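So the structure is just underneath, and the comments pick up after that.
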Amino acid sequence: MSLRPSPRPTAHPLRYSYGTNGLTDLRLDDALSLLADLGYDGVGLTLDHMHLDPLAPDLAARTQKLARRLDELGLGVTIETGARYVLDPRRKHGPSLLDPDPAQRARRADLLVRAVQIATDLGAHAVHCFSGILPKDTAGEAGTEGQEVTAEDAAWKRLAETLTPVLDAATAAGIPLAVEPEPGHLLATLDDFHRLRTDLGSPDALGLTLDIGHCQCLEPLSPADCVRAAAPWLRHVQIEDMRRGVHEHLPFGDGEIDFPPVLEALAAVGYQGLVSVELPRHSHAGPQLAQQSLPFLHHAAAVSTPPDADRPPNPGEGPTDSDGRTP
């Protein structure tokens with residue numbers, strides 16, 4: 001495999017990274033070397049047992065060593081917290097911020113606080129997280145006036161309360177916490193993000209992770225229009241191909257997204273963070289897809305966008321068929 005960097009459009013301001021959740025068959029240093037050799041600007045680092053385990057001993061020393069390596073390679077970094085089994089070997093993404101058990105919710109919050117500290121030590125530009133799926137055993141609660149509060153409303157309250165200490169840590173560190181709308185989760189859409197933001201009083205530390213594929217999957221706006229709508233809160237971007245109504249992360253060209261308008265919109269709104277390729281189910285072909293993805297993005301960014309390129313979403317029934325499946 002040739003590792004020559006892909007030609008970079010000199011006039012385009014976007015910076016690209018690749019998520020380590022799509023390179024889990026590689027040692028972390030091998031993955032970082034690969035991305036630097038290919039010409040990526042950064043890495044979306046998922047904290048997991050094979051890549052900077054946040055729960056193993058000597059975290060501070062390991063993080064300092066990684067910081068030096070990132071600096072040597074000239075790679076920026078975003079901290080991702082979507083590892084499937086980092087907290088519980090039997091429950092995918094468990095426990096979540098919505099877990100019925102307060103002690104279990106606190107474990108997730110502690111992981112996010114650790115992620116903020118790691119982000120500080122690495123000079124990361126954001127910490128990513130998501131809400132989790134509404135647990136089946138979530139019950140309603142009595143409101144302040146004695147009225148019944150629905151299970152969903154109770155979950156929103158639980159989410160805001162559990163995130164509060166994480167936001168306090170992010171505020172103190174000066175690093176945004178970028179919440180991702182995830183198909184099938186309690187917080188699944190841009191509208192849901194704004195509900196959380198309102199519930200929390202619009203703290204400056206609360207930002208948004210926008211996954212371009214998720215926009216194609218279930219948002220009523222086109223992906224490019226989602227970028228424009230999300231611009232004031234946009235702190236992290238994930239990108240891959242996807243089809244309408246199907247929550248499946250696909251290599252570029254295998255889905256339905258028209259990418260030049262999306263990249264044009266990101267540049268036009270002045271997005272300064274990393275645009276991170278997100279292919280967590282393709283680790284078996286990670287090196288090859290990393291090599292193919294960057295030239296695709298550079299080419300898409302260089303294509304001039306026709307006036308009608310921001311077309312409406314492709315037709316499809318229902319928001320998603322993922323049933324809460326997170327990659």
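Residues in the structure tokens are numbered from 1 in each chain, the chains being A, B, ... in the order shown, and ligands are numbered from 1 in the order shown.
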
Tell me which protein, DNA and RNA residues are within 12 Å of Ala36 in chain A, counting only C-alpha atoms, leaving out same-chain ones fewer than 2 positions away, and put them as a PyMOL selection string.
chain A and resi 3-6+16-18+29-34+38-43+69-76+290-291+294

Name all residues at most 7 Å from range 229-241 of chain A (count only C-alpha atoms; drop same-chain ones fewer than 3 positions away) and give them as number ranges by chain.
A: 126, 178, 207-213, 225-226, 249-257, 269, 273-279

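Look at range 95-97 of chain A: the protein and nucleic acid residues within 6 Å of it, using only C-alpha atoms and passing over chain neighbours fewer than 5 places away, are Gln104, Arg105, Arg108, Ser131, Gly132 and Leu159 of chain A.
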
Keeping only N, CA and C atoms, take the residues you just selected and write them out as a PDB file, in the first residue's frame.
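What follows is the written file again02.pdb:
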ATOM      1  N   GLN A 104     -24.398   3.962  38.638  1.00  0.00           N
ATOM      2  CA  GLN A 104     -23.960   3.603  37.292  1.00  0.00           C
ATOM      3  C   GLN A 104     -23.872   4.837  36.393  1.00  0.00           C
ATOM      4  N   ARG A 105     -24.827   5.745  36.521  1.00  0.00           N
ATOM      5  CA  ARG A 105     -24.738   7.003  35.776  1.00  0.00           C
ATOM      6  C   ARG A 105     -23.464   7.760  36.153  1.00  0.00           C
ATOM      7  N   ARG A 108     -20.410   6.681  34.218  1.00  0.00           N
ATOM      8  CA  ARG A 108     -20.306   7.289  32.886  1.00  0.00           C
ATOM      9  C   ARG A 108     -19.842   8.740  32.992  1.00  0.00           C
ATOM     10  N   SER A 131     -26.031  10.613  24.507  1.00  0.00           N
ATOM     11  CA  SER A 131     -26.934  10.434  25.640  1.00  0.00           C
ATOM     12  C   SER A 131     -27.095   8.986  26.063  1.00  0.00           C
ATOM     13  N   GLY A 132     -27.180   8.073  25.113  1.00  0.00           N
ATOM     14  CA  GLY A 132     -27.574   6.704  25.377  1.00  0.00           C
ATOM     15  C   GLY A 132     -29.039   6.480  25.044  1.00  0.00           C
ATOM     16  N   LEU A 159     -30.604  13.125  32.314  1.00  0.00           N
ATOM     17  CA  LEU A 159     -29.487  13.451  31.431  1.00  0.00           C
ATOM     18  C   LEU A 159     -28.857  14.780  31.819  1.00  0.00           C
TER      19      LEU A 159
END

Surrounding residues of range 113-120 of chain A excluding itself and chain neighbours under 6 positions, 8 Å, only C-alpha atoms, as a PyMOL selection string
chain A and resi 47+54+60+63+78-79+81+126-127+165-166+169-170+173+175

With N, CA and C atoms retained, could you export that selection as a compact mmCIF listing (two decimals), in the first residue's frame?
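File produced: part.txt:
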# COMPACT_ATOMS: atom_id res chain seq x y z
N LEU A 47 -11.32 6.61 23.42
CA LEU A 47 -10.70 6.04 24.62
C LEU A 47 -11.22 4.63 24.80
N PRO A 54 -8.70 4.49 29.38
CA PRO A 54 -8.84 5.53 30.41
C PRO A 54 -8.92 4.98 31.83
N ALA A 60 -1.92 9.30 33.45
CA ALA A 60 -1.27 10.59 33.21
C ALA A 60 0.04 10.42 32.44
N THR A 63 -0.70 9.41 28.86
CA THR A 63 -1.23 10.54 28.12
C THR A 63 -0.12 11.50 27.73
N THR A 78 -9.24 14.99 18.59
CA THR A 78 -10.52 15.10 19.28
C THR A 78 -10.69 13.85 20.13
N ILE A 79 -11.24 13.99 21.34
CA ILE A 79 -11.44 12.84 22.21
C ILE A 79 -12.86 12.31 22.01
N THR A 81 -15.73 9.27 23.03
CA THR A 81 -16.04 8.43 24.19
C THR A 81 -17.09 7.37 23.87
N ALA A 126 -12.02 19.20 21.47
CA ALA A 126 -13.35 18.91 21.98
C ALA A 126 -13.37 17.51 22.57
N VAL A 127 -14.37 17.26 23.43
CA VAL A 127 -14.67 15.93 23.95
C VAL A 127 -16.07 15.57 23.49
N PRO A 165 -21.89 17.85 36.28
CA PRO A 165 -20.49 17.87 36.72
C PRO A 165 -19.49 17.76 35.57
N VAL A 166 -19.88 17.10 34.49
CA VAL A 166 -19.01 17.02 33.32
C VAL A 166 -18.85 18.39 32.68
N ALA A 169 -16.50 20.48 34.67
CA ALA A 169 -15.11 20.16 34.37
C ALA A 169 -14.69 20.74 33.03
N ALA A 170 -15.58 20.65 32.03
CA ALA A 170 -15.27 21.20 30.70
C ALA A 170 -15.13 22.71 30.76
N ALA A 173 -11.81 23.55 32.26
CA ALA A 173 -10.71 23.23 31.35
C ALA A 173 -10.70 24.10 30.10
N ILE A 175 -12.56 23.44 27.48
CA ILE A 175 -12.70 22.50 26.35
C ILE A 175 -14.17 22.16 26.20

Work out how far apart CA of Leu26 in chain A and CA of Ala56 in chain A are and give it in Å to one decimal.
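Taking CA of Leu26 in chain A as the start and CA of Ala56 in chain A as the end point, the length is 18.8 Å.
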